[in-house]
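Colleague: Contents are mmCIF, C-alpha atoms; file name final09.cif:
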```
data_structure
loop_
_atom_site.label_atom_id
_atom_site.label_comp_id
_atom_site.auth_asym_id
_atom_site.auth_seq_id
_atom_site.Cartn_x
_atom_site.Cartn_y
_atom_site.Cartn_z
CA MET A 1 124.92 137.40 21.68
CA ILE A 2 121.70 139.25 22.41
CA LEU A 3 120.34 138.25 19.03
CA ASN A 4 121.17 134.63 19.89
CA LEU A 5 119.18 134.87 23.09
CA ALA A 6 116.33 136.45 21.14
CA LEU A 7 116.53 133.56 18.71
CA ILE A 8 116.22 131.03 21.51
CA ALA A 9 113.21 132.89 22.90
CA MET A 10 111.64 132.77 19.45
CA ILE A 11 112.25 129.04 19.25
CA LEU A 12 110.47 128.69 22.58
CA ALA A 13 107.55 130.63 21.10
CA LEU A 14 107.64 128.25 18.15
CA LEU A 15 107.28 125.31 20.54
CA ILE A 16 103.91 126.53 21.84
CA PRO A 17 101.89 125.87 18.63
CA ILE A 18 103.68 122.53 18.19
CA TYR A 19 102.57 121.56 21.67
CA THR A 20 99.06 122.72 20.82
CA VAL A 21 99.05 120.44 17.80
CA CYS A 22 99.98 117.53 20.07
CA LYS A 23 97.22 118.28 22.52
CA ASP A 24 94.29 119.57 20.52
CA GLN A 25 92.21 117.28 18.35
CA ASP A 26 90.08 119.85 16.53
CA ILE A 27 91.16 120.35 12.93
CA TRP A 28 90.72 124.15 13.05
CA GLN A 29 92.84 124.50 16.13
CA ARG A 30 95.51 122.58 14.28
CA MET A 31 95.17 124.82 11.27
CA LEU A 32 95.66 127.84 13.53
CA ALA A 33 98.77 126.23 14.98
CA PHE A 34 99.98 125.53 11.46
CA ALA A 35 99.53 129.17 10.44
CA SER A 36 101.40 130.25 13.53
CA VAL A 37 104.27 127.81 12.94
CA ALA A 38 104.61 128.78 9.28
CA SER A 39 104.87 132.52 9.86
CA LYS A 40 107.12 132.08 12.87
CA ALA A 41 109.45 129.84 10.89
CA ALA A 42 109.72 132.44 8.14
CA ILE A 43 110.53 135.21 10.64
CA LEU A 44 113.10 132.93 12.27
CA ILE A 45 114.75 132.45 8.90
CA LEU A 46 114.85 136.22 8.44
CA VAL A 47 116.45 136.73 11.86
CA ILE A 48 119.04 134.04 11.13
CA SER A 49 119.82 135.66 7.79
CA VAL A 50 120.47 138.99 9.51
CA LEU A 51 122.46 137.26 12.24
CA ARG A 52 124.73 135.60 9.71
CA ASP A 53 124.65 138.56 7.35
CA ASP A 54 123.63 136.24 4.51
CA TRP A 55 121.47 137.77 1.80
CA MET A 56 120.57 134.44 0.20
CA ILE A 57 118.99 133.00 3.33
CA GLY A 58 116.97 136.16 3.70
CA VAL A 59 115.62 135.81 0.18
CA VAL A 60 114.57 132.24 0.98
CA GLY A 61 112.84 133.46 4.13
CA VAL A 62 110.87 136.10 2.29
CA ILE A 63 109.85 133.68 -0.45
CA ILE A 64 108.72 131.13 2.12
CA LEU A 65 106.85 133.87 3.93
CA SER A 66 105.02 135.11 0.87
CA VAL A 67 104.44 132.00 -1.22
CA GLY A 68 104.85 128.93 0.93
CA ASN A 69 103.08 130.04 4.04
CA ALA A 70 100.16 132.08 2.89
CA GLY A 71 99.44 130.55 -0.49
CA LEU A 72 99.56 127.06 0.89
CA MET A 73 97.29 127.97 3.79
CA LEU A 74 94.71 129.49 1.52
CA LEU A 75 94.73 126.41 -0.67
CA ALA A 76 94.56 123.98 2.22
CA HIS A 77 91.63 125.86 3.69
CA ILE A 78 89.58 125.78 0.57
CA ILE A 79 90.19 122.04 0.30
CA LYS A 80 89.23 121.58 3.93
CA ARG A 81 86.06 123.53 3.40
CA MET A 82 85.11 121.39 0.42
CA ASN A 83 85.76 118.33 2.52
CA ASP A 84 83.54 119.63 5.29
CA LEU A 85 80.73 120.44 2.90
CA ALA A 86 80.89 117.02 1.28
CA SER A 87 81.13 114.96 4.43
CA THR A 88 78.50 116.56 6.62
CA MET B 89 121.21 154.45 20.26
CA ILE B 90 119.84 152.86 17.11
CA ASN B 91 121.16 149.54 18.32
CA LEU B 92 119.22 149.93 21.54
CA LEU B 93 116.09 150.86 19.63
CA SER B 94 116.39 147.78 17.43
CA TYR B 95 116.77 145.49 20.46
CA PHE B 96 113.74 147.16 21.98
CA CYS B 97 111.74 146.45 18.80
CA ILE B 98 112.81 142.82 18.72
CA ALA B 99 111.99 142.36 22.40
CA THR B 100 108.57 143.90 21.85
CA GLY B 101 107.97 141.52 18.96
CA ILE B 102 108.92 138.49 21.02
CA VAL B 103 106.67 139.61 23.87
CA PHE B 104 103.85 139.99 21.34
CA TRP B 105 104.53 136.49 20.03
CA PHE B 106 104.35 134.91 23.47
CA TRP B 107 101.31 136.92 24.45
CA GLY B 108 99.37 135.95 21.32
CA THR B 109 100.49 132.35 21.09
CA ALA B 110 99.73 131.64 24.75
CA ASP B 111 96.05 132.05 23.86
CA LEU B 112 96.34 128.90 21.76
CA LEU B 113 96.63 126.94 25.00
CA SER B 114 93.40 128.28 26.47
CA LYS B 115 90.03 126.68 25.90
CA ARG B 116 88.43 129.50 23.96
CA SER B 117 86.68 129.42 20.60
CA VAL B 118 88.59 129.19 17.35
CA LEU B 119 87.67 132.73 16.35
CA PHE B 120 88.98 134.21 19.60
CA LYS B 121 92.25 132.37 19.21
CA LEU B 122 92.43 133.41 15.57
CA HIS B 123 92.01 137.05 16.52
CA SER B 124 94.72 137.10 19.16
CA LEU B 125 97.00 134.92 17.07
CA SER B 126 96.75 137.01 13.91
CA VAL B 127 97.20 140.28 15.78
CA ALA B 128 100.17 138.94 17.70
CA ASP B 129 101.78 137.21 14.76
CA THR B 130 101.41 140.14 12.39
CA LEU B 131 102.32 142.94 14.79
CA GLY B 132 105.00 140.96 16.60
CA SER B 133 106.60 139.83 13.37
CA ILE B 134 106.50 143.33 11.93
CA ALA B 135 108.13 144.65 15.12
CA ILE B 136 110.87 142.03 14.86
CA VAL B 137 111.50 142.80 11.19
CA VAL B 138 111.61 146.55 11.94
CA GLY B 139 114.16 145.79 14.64
CA LEU B 140 116.24 143.86 12.13
CA LEU B 141 115.84 146.72 9.65
CA LEU B 142 117.24 149.18 12.18
CA LYS B 143 120.08 146.83 12.91
CA ILE B 144 121.12 146.17 9.31
CA PRO B 145 119.74 148.91 7.02
CA ARG B 146 121.77 147.51 4.13
CA GLU B 147 119.17 144.79 3.45
CA TRP B 148 116.24 147.17 3.42
CA PRO B 149 114.54 145.96 0.19
CA LEU B 150 114.33 142.42 1.51
CA LEU B 151 113.04 143.39 4.91
CA LEU B 152 110.58 145.89 3.46
CA LEU B 153 109.28 143.13 1.21
CA ALA B 154 108.94 140.91 4.27
CA ILE B 155 106.91 143.56 6.09
CA ILE B 156 104.60 144.07 3.11
CA CYS B 157 104.14 140.30 2.69
CA LEU B 158 103.39 139.90 6.38
CA ALA B 159 100.83 142.66 6.46
CA LEU B 160 99.06 141.50 3.32
CA TRP B 161 99.17 137.73 3.65
CA ASN B 162 98.48 137.41 7.34
CA THR B 163 95.45 139.66 7.12
CA MET B 164 94.07 137.74 4.16
CA LEU B 165 94.86 134.47 5.87
CA GLY B 166 92.97 135.59 8.95
CA TYR B 167 89.90 136.36 6.87
CA VAL B 168 90.07 133.04 5.02
CA LEU B 169 90.52 131.05 8.21
CA ALA B 170 87.66 132.81 9.95
CA TYR B 171 85.37 132.31 6.96
CA CYS B 172 86.22 128.63 6.57
CA SER B 173 86.05 127.67 10.22
CA SER B 174 82.81 129.48 10.93
CA ALA B 175 81.18 128.15 7.74
CA SER B 176 82.07 124.56 8.47
CA ASN B 177 81.09 124.77 12.12
CA GLY B 178 77.72 126.29 11.30
CA GLY B 179 77.10 123.66 8.64
CA SER B 180 77.79 120.71 10.89
CA ARG B 181 75.74 122.04 13.77
CA ASP B 182 72.61 122.63 11.71
CA MET C 183 141.09 134.02 38.30
CA CYS C 184 140.50 132.60 34.89
CA TRP C 185 137.24 130.84 35.79
CA PRO C 186 134.95 133.73 34.90
CA ILE C 187 136.56 134.01 31.49
CA VAL C 188 136.14 130.29 30.87
CA LEU C 189 132.57 130.47 32.04
CA VAL C 190 131.82 133.35 29.71
CA LEU C 191 133.49 131.53 26.86
CA VAL C 192 131.58 128.33 27.53
CA THR C 193 128.25 130.11 27.76
CA GLU C 194 129.01 132.08 24.65
CA VAL C 195 129.83 128.96 22.66
CA ALA C 196 126.80 127.19 24.08
CA VAL C 197 124.43 130.05 23.31
CA THR C 198 125.90 130.74 19.89
CA ASP C 199 125.47 127.24 18.62
CA SER C 200 122.70 125.89 20.77
CA TYR C 201 119.86 127.28 18.66
CA VAL C 202 121.04 125.10 15.78
CA TYR C 203 120.71 121.99 17.93
CA VAL C 204 117.34 123.04 19.31
CA LEU C 205 116.02 123.70 15.82
CA THR C 206 117.36 120.39 14.56
CA ALA C 207 115.63 118.62 17.43
CA LEU C 208 112.33 120.10 16.28
CA LEU C 209 112.45 118.07 13.07
CA PRO C 210 112.22 114.56 14.62
CA LEU C 211 109.75 115.93 17.16
CA THR C 212 107.24 117.08 14.55
CA ALA C 213 107.93 113.99 12.44
CA SER C 214 107.06 111.70 15.32
CA ILE C 215 103.86 113.67 15.96
CA LEU C 216 103.05 113.29 12.26
CA VAL C 217 103.43 109.51 12.12
CA THR C 218 101.17 108.99 15.13
CA GLN C 219 98.17 110.64 13.45
CA ALA C 220 95.25 108.43 12.50
CA ASN C 221 93.07 110.98 10.73
CA PRO C 222 94.46 111.64 7.23
CA TYR C 223 93.41 115.30 7.23
CA HIS C 224 95.11 115.96 10.54
CA ALA C 225 98.16 114.21 9.14
CA LEU C 226 98.06 116.62 6.18
CA VAL C 227 98.06 119.62 8.50
CA LEU C 228 100.99 118.16 10.39
CA ARG C 229 102.77 117.50 7.13
CA GLY C 230 102.55 121.23 6.52
CA ILE C 231 104.03 121.98 9.93
CA LEU C 232 106.77 119.46 9.27
CA GLY C 233 107.47 121.17 5.94
CA ALA C 234 107.82 124.57 7.62
CA VAL C 235 110.12 123.19 10.31
CA ALA C 236 112.16 121.28 7.74
CA ALA C 237 112.63 124.42 5.65
CA LEU C 238 113.77 126.22 8.78
CA VAL C 239 116.27 123.49 9.65
CA TYR C 240 117.65 123.34 6.11
CA THR C 241 118.12 127.10 6.15
CA VAL C 242 119.89 127.03 9.49
CA LEU C 243 122.21 124.34 8.22
CA GLY C 244 123.01 126.47 5.20
CA ALA C 245 121.12 124.78 2.37
CA ALA C 246 119.03 127.63 1.07
CA ASP C 247 118.12 125.89 -2.19
CA VAL C 248 116.92 122.74 -0.43
CA ALA C 249 114.85 124.86 1.93
CA LEU C 250 113.26 126.68 -0.99
CA THR C 251 112.42 123.38 -2.68
CA GLU C 252 110.99 121.99 0.54
CA ALA C 253 108.80 125.04 1.02
CA LEU C 254 107.49 125.13 -2.53
CA VAL C 255 107.30 121.49 -3.59
CA GLY C 256 107.33 119.55 -0.34
CA THR C 257 104.77 121.67 1.41
CA MET C 258 102.58 123.25 -1.23
CA LEU C 259 102.52 120.70 -4.02
CA ALA C 260 102.67 117.58 -1.86
CA ILE C 261 99.86 118.74 0.39
CA THR C 262 97.66 119.68 -2.54
CA LEU C 263 98.20 116.33 -4.24
CA TYR C 264 97.68 114.43 -1.00
CA ALA C 265 94.50 116.33 -0.29
CA VAL C 266 93.14 115.41 -3.71
CA ALA C 267 94.21 111.79 -3.25
CA VAL C 268 92.69 111.46 0.21
CA ARG C 269 89.49 113.14 -0.88
CA SER C 270 89.00 110.90 -3.87
CA SER C 271 90.07 107.60 -2.35
CA LEU C 272 88.63 107.64 1.15
CA VAL C 273 85.05 107.46 -0.01
CA MET C 274 82.24 104.92 0.14
CA ARG C 275 80.03 105.20 -2.93
CA LEU C 276 76.55 104.02 -2.14
CA GLY C 277 74.13 103.39 -4.98
CA VAL C 278 70.44 104.00 -4.33
CA LEU C 279 67.31 104.08 -6.41
CA LYS C 280 66.15 107.49 -7.50
CA GLU C 281 62.60 107.15 -6.24
CA ALA C 282 63.83 106.16 -2.79
CA ILE C 283 65.31 109.60 -2.28
CA PRO C 284 62.73 112.18 -3.24
CA ASP C 285 64.67 115.42 -3.13
CA TRP C 286 67.83 114.31 -4.79
CA ARG C 287 69.75 117.53 -4.99
CA ALA C 288 69.42 118.12 -1.28
CA ALA C 289 70.07 114.51 -0.45
CA SER C 290 73.48 114.40 -2.02
CA LYS C 291 74.64 117.40 -0.06
CA SER C 292 74.14 117.64 3.62
CA ASP C 293 72.12 116.97 6.71
CA ASP C 294 69.15 118.67 5.13
CA ALA C 295 68.86 115.43 3.22
CA LEU C 296 67.99 113.61 6.39
CA VAL C 297 65.20 116.04 7.14
CA ALA C 298 63.86 115.64 3.62
CA LEU C 299 64.09 111.89 3.95
CA GLN C 300 62.23 111.85 7.22
CA GLN C 301 59.46 113.94 5.75
CA ALA C 302 59.27 111.62 2.78
CA ASP C 303 59.16 108.63 5.10
CA GLN C 304 56.26 110.07 6.95
CA ALA C 305 54.51 110.69 3.66
CA ASN C 306 54.58 107.05 2.57
CA ALA C 307 54.58 105.06 5.73
CA GLU C 308 54.67 101.62 4.19
CA GLN C 309 58.23 102.13 3.00
CA PRO C 310 60.94 101.49 5.58
CA SER C 311 62.88 104.61 6.35
CA PHE C 312 66.27 105.32 4.88
CA ALA C 313 67.08 108.24 7.11
CA PRO C 314 68.21 106.46 10.30
CA LEU C 315 70.13 103.93 8.27
CA LEU C 316 71.90 106.66 6.31
CA SER C 317 72.76 108.62 9.42
CA ASP C 318 74.09 105.42 10.99
CA LEU C 319 76.17 104.77 7.90
CA ARG C 320 77.53 108.29 8.07
CA THR C 321 78.50 107.78 11.69
CA VAL C 322 80.32 104.53 10.99
CA CYS C 323 82.03 105.99 7.93
CA GLY C 324 83.06 109.08 9.87
CA LYS C 325 84.63 106.88 12.50
CA HIS C 326 86.82 105.34 9.82
CA HIS C 327 87.50 108.70 8.09
CA LEU C 328 85.43 107.67 5.08
CA ARG C 329 83.16 109.96 3.12
CA LEU C 330 79.72 108.66 2.20
CA GLU C 331 78.72 109.56 -1.32
CA LEU C 332 75.25 108.76 -2.61
CA VAL C 333 74.85 107.88 -6.28
CA SER C 334 71.36 107.64 -7.72
CA TYR C 335 70.19 105.20 -10.38
CA PRO C 336 66.89 105.31 -12.23
CA ASP C 337 65.92 101.66 -11.83
CA SER C 338 66.98 98.43 -10.20
CA GLN C 339 68.69 97.12 -13.34
CA ALA C 340 71.00 100.09 -13.54
CA LEU C 341 71.81 99.77 -9.86
CA GLN C 342 72.73 96.12 -10.27
CA GLN C 343 74.83 96.87 -13.34
CA ALA C 344 76.66 99.62 -11.49
CA LEU C 345 77.52 97.20 -8.72
CA VAL C 346 78.82 94.65 -11.23
CA ASP C 347 80.80 97.31 -13.07
CA LYS C 348 82.36 98.44 -9.77
CA GLU C 349 81.06 101.97 -10.15
CA ILE C 350 79.74 101.81 -6.60
CA HIS C 351 80.90 100.00 -3.49
CA ALA C 352 77.49 99.13 -2.15
CA ALA C 353 73.88 99.15 -3.26
CA LEU C 354 71.03 100.12 -0.97
CA ARG C 355 67.46 99.24 -1.76
CA VAL C 356 64.11 98.37 -0.29
CA GLU C 357 63.10 94.73 -0.37
CA HIS C 358 59.67 93.26 0.23
CA LYS C 359 60.10 90.42 2.59
CA ASP C 360 57.76 87.71 1.33
CA ARG C 361 58.80 88.04 -2.28
CA TYR C 362 62.44 88.29 -1.29
CA PHE C 363 62.45 85.11 0.77
CA SER C 364 60.39 83.04 -1.66
CA GLU C 365 62.27 83.92 -4.82
CA SER C 366 65.84 84.23 -3.71
CA GLY C 367 65.90 81.56 -1.06
CA PHE C 368 68.40 83.72 0.70
CA GLU C 369 68.27 83.90 4.48
CA PRO C 370 69.43 87.23 5.85
CA ASN C 371 70.70 87.43 9.39
CA SER C 372 67.48 87.71 11.21
CA GLU C 373 68.37 89.74 14.26
CA ARG C 374 68.90 92.83 12.15
CA ILE C 375 65.48 92.69 10.58
CA ASN C 376 62.29 93.67 12.24
CA LEU C 377 60.15 90.65 11.41
CA HIS C 378 56.93 92.52 11.81
CA SER C 379 57.47 94.93 8.98
CA GLU C 380 56.86 93.65 5.52
CA SER C 381 59.76 95.37 3.84
CA PHE C 382 63.32 96.20 4.88
CA CYS C 383 66.48 97.87 3.64
CA SER C 384 69.04 95.62 2.02
CA LEU C 385 72.65 96.68 1.64
CA CYS C 386 74.73 94.71 -0.89
CA ILE C 387 78.43 95.36 -0.39
CA ARG C 388 81.08 94.15 -2.79
CA ILE C 389 84.12 94.90 -0.63
CA ARG C 390 84.95 92.45 2.09
CA ARG C 391 86.60 94.92 4.45
CA LEU C 392 83.71 97.35 4.19
CA TYR C 393 81.29 94.51 4.88
CA ASP C 394 83.22 93.45 7.97
CA ILE C 395 83.32 96.99 9.32
CA LEU C 396 79.64 97.60 8.73
CA GLN C 397 78.66 94.18 10.07
CA ALA C 398 80.51 94.88 13.27
CA GLU C 399 79.55 98.48 13.82
CA LEU C 400 76.25 99.26 12.09
CA THR C 401 73.61 99.47 14.78
CA SER C 402 70.60 100.22 12.64
CA PRO C 403 68.06 97.44 13.14
CA ALA C 404 66.24 97.83 9.84
CA ALA C 405 68.97 96.77 7.42
CA SER C 406 70.23 93.46 6.16
CA LEU C 407 73.84 93.32 5.04
CA THR C 408 74.95 91.10 2.20
CA TYR C 409 78.45 90.53 0.98
CA VAL C 410 78.63 90.03 -2.78
CA ASP C 411 81.84 88.53 -4.10
CA LEU C 412 82.12 89.63 -7.70
CA ALA C 413 85.13 87.39 -8.34
CA THR C 414 83.34 84.13 -7.64
CA SER C 415 79.86 85.05 -8.79
CA PRO C 416 80.03 87.41 -11.73
CA GLU C 417 76.25 87.69 -11.99
CA VAL C 418 76.03 88.98 -8.41
CA GLY C 419 74.23 85.81 -7.49
CA PRO C 420 70.56 85.12 -7.37
CA VAL C 421 69.92 87.76 -4.78
CA LEU C 422 70.29 90.83 -6.89
CA ALA C 423 69.12 89.23 -10.11
CA SER C 424 65.78 88.08 -8.79
CA VAL C 425 65.10 91.36 -7.10
CA GLY C 426 66.12 93.25 -10.16
CA GLU C 427 63.60 91.41 -12.29
CA GLN C 428 60.65 91.72 -10.02
CA GLN C 429 60.89 95.47 -9.58
CA PRO C 430 60.16 97.14 -12.87
#
```
Please go through the file and, once you have read it, give me the structure as structure tokens.

Modeller:
Amino acid sequence: MILNLALIAMILALLIPIYTVCKDQDIWQRMLAFASVASKAAILILVISVLRDDWMIGVVGVIILSVGNAGLMLLAHIIKRMNDLAST
Amino acid sequence: MINLLSYFCIATGIVFWFWGTADLLSKRSVLFKLHSLSVADTLGSIAIVVGLLLKIPREWPLLLLAIICLALWNTMLGYVLAYCSSASNGGSRD
Amino acid sequence: MCWPIVLVLVTEVAVTDSYVYVLTALLPLTASILVTQANPYHALVLRGILGAVAALVYTVLGAADVALTEALVGTMLAITLYAVAVRSSLVMRLGVLKEAIPDWRAASKSDDALVALQQADQANAEQPSFAPLLSDLRTVCGKHHLRLELVSYPDSQALQQALVDKEIHAALRVEHKDRYFSESGFEPNSERINLHSESFCSLCIRIRRLYDILQAELTSPAASLTYVDLATSPEVGPVLASVGEQQP
């Protein structure tokens, strides 16, 4: 019950960067929001895995946290930087 | 007792999340937002995971891995983001 | 008497399951933000957010394998491939003569090129200046999310051949007005050209859409735009040919 309420509060926190993405037009602000959303989603998955007592979901959460989130961000940033260098 | 402690940790983490993410809405520079966001996301997430760890110690390898991943990747990500955004901004303003 | 119990039950059911519905509602929300983006790079960032949210929703609904696939393939691989595709396709390749751009290595890179160009323009004042035209082109291209890429060619023949071979989308060169008018018989649109200078920049574009965009939005007064239809005139017409011969 309490964990459910905590989960809903976390979803509300997840809504803030999504709203920022709607509002802000700068690409770096959006990248920040993306980083925030990605790590928050992974933590949400972890919380849900503990809530349901499901080991498999937790493994998925950790993998998303380590590989998906951070590796992807690093890659996307380097590509963005190349794009900035080439276009300016 | 341990249950109470774990709820306290989770609540602290959520407060950290809101506190750090609310800075995204302000009209500050990217680096300022990055600082507050990375601090809040890393520390808040670690607090939440520690809370979960206290609640269910049976899954400790998974949650420990999550903490290590968070600490490592988010720090590195913060550095990469700061480097990229400041480099591109300086280049376009010159 | 039993109302409080019912109330507690209802709230418990609502709270227990409601996070699933809220999370599921996030998916169409981010998807609709994604499809309203005009800038392809912003759309890529939002695709990443959509991937994270989708993985979350799949996990909540119990499909751990699908979530893993979405996180690895849908987010990481798709974004990388899309970034490469956008970077290599949204580009306008502009062919120029090598002697027109003195410091080539700087010119292909950044805004320093404009400074170098302006200095070079001041050095030989009889040439019309490329720098304002190039910065105008960059502005127009940036408005349409295009990247401007300069490609240098040693002489006019090579430039013409590159345009015919579709290596470049447009060719930029300096024309001398009297020779140009007498030998080609081609009448450029006169309001773009300063009639008092004896030479001007000519931009031959082989893509209709690009020509329309530049014709409508290019504000630089010192350039004449020409649309070259390679399908109907394989030799690029008399315009390029005559100019190519008279400039050794």

Colleague: Excluding stretch 54-60 of chain A and its own-chain neighbours fewer than 6 positions away, which residues fall within 8 Å of it when counting all atoms listed in the file? Please give them as an MDAnalysis selection string.

Modeller: (chainID A and resid 45:46 48) or (chainID B and resid 147 150) or (chainID C and resid 241 244 246:247 249:250)

Colleague: List as a Markdown table every residue of chain B that is in contact with chain A, defined as an atom at most 7 Å from one of its atoms (using only C-alpha atoms), together with the nearest atom pair and the distance in Å rounded to one decimal, sorted by chain and then rising number.

Modeller:
```
| residue | atom | partner | partner_atom | distance |
| --- | --- | --- | --- | --- |
| B:Ile102 | CA | A:Met10 | CA | 6.5 |
| B:Trp105 | CA | A:Ala13 | CA | 6.7 |
| B:Phe106 | CA | A:Ala13 | CA | 5.8 |
| B:Thr109 | CA | A:Ile16 | CA | 6.8 |
| B:Leu112 | CA | A:Thr20 | CA | 6.8 |
| B:Leu113 | CA | A:Thr20 | CA | 6.4 |
| B:Val118 | CA | A:Gln29 | CA | 6.4 |
| B:Leu122 | CA | A:Leu32 | CA | 6.8 |
| B:Ser133 | CA | A:Ile43 | CA | 6.7 |
| B:Leu140 | CA | A:Val50 | CA | 7.0 |
| B:Leu150 | CA | A:Val59 | CA | 6.9 |
| B:Ala154 | CA | A:Val62 | CA | 5.5 |
| B:Cys157 | CA | A:Ser66 | CA | 5.6 |
| B:Trp161 | CA | A:Ala70 | CA | 5.8 |
| B:Leu165 | CA | A:Ala70 | CA | 6.5 |
| B:Val168 | CA | A:Leu74 | CA | 6.8 |
| B:Leu169 | CA | A:His77 | CA | 7.0 |
| B:Cys172 | CA | A:Arg81 | CA | 6.0 |
| B:Ser173 | CA | A:Trp28 | CA | 6.5 |
| B:Ser176 | CA | A:Asp84 | CA | 6.0 |
| B:Ser180 | CA | A:Thr88 | CA | 6.0 |
```

Colleague: Please evaluate the PyMOL selection byres ((chain B and resi 137) around 10) against the displayed coordinates and give the resulting residues as a tab-separated table (two decimals) with C-alpha atoms, keeping the file's coordinate frame.

Modeller:
```tsv
chain	number	residue	atom	x	y	z
A	43	ILE	CA	110.53	135.21	10.64
A	46	LEU	CA	114.85	136.22	8.44
A	47	VAL	CA	116.45	136.73	11.86
A	50	VAL	CA	120.47	138.99	9.51
B	94	SER	CA	116.39	147.78	17.43
B	97	CYS	CA	111.74	146.45	18.80
B	98	ILE	CA	112.81	142.82	18.72
B	101	GLY	CA	107.97	141.52	18.96
B	131	LEU	CA	102.32	142.94	14.79
B	132	GLY	CA	105.00	140.96	16.60
B	133	SER	CA	106.60	139.83	13.37
B	134	ILE	CA	106.50	143.33	11.93
B	135	ALA	CA	108.13	144.65	15.12
B	136	ILE	CA	110.87	142.03	14.86
B	138	VAL	CA	111.61	146.55	11.94
B	139	GLY	CA	114.16	145.79	14.64
B	140	LEU	CA	116.24	143.86	12.13
B	141	LEU	CA	115.84	146.72	9.65
B	142	LEU	CA	117.24	149.18	12.18
B	143	LYS	CA	120.08	146.83	12.91
B	151	LEU	CA	113.04	143.39	4.91
B	152	LEU	CA	110.58	145.89	3.46
B	154	ALA	CA	108.94	140.91	4.27
B	155	ILE	CA	106.91	143.56	6.09
B	158	LEU	CA	103.39	139.90	6.38
```

Colleague: Translate the PyMOL selection byres ((chain C) within 8 of (chain A)) into a concrete residue list for this structure, as a PyMOL selection string.

Modeller: chain C and resi 194+197-198+201+204-205+212+215+223-224+227-228+230-231+234-235+238+241-242+244+246-247+249-250+253-254+257-258+261-262+265+269+291-293+329-330

Colleague: To one decimal place in Å, what is the distance between atom CA of C:Ile387 and atom CA of C:Tyr409?

Modeller: 5.0 Å

Colleague: Give as a count of residues only the residues that the PyMOL selection byres ((chain C and resi 395-402) around 9) matches when applied to the coordinates above.

Modeller: 17

Colleague: To one decimal place in Å, what is the distance between atom CA of B:Ser124 and atom CA of B:Ala99?

Modeller: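 Atom-to-atom, atom CA of B:Ser124 and atom CA of B:Ala99 are spaced 18.3 Å apart.
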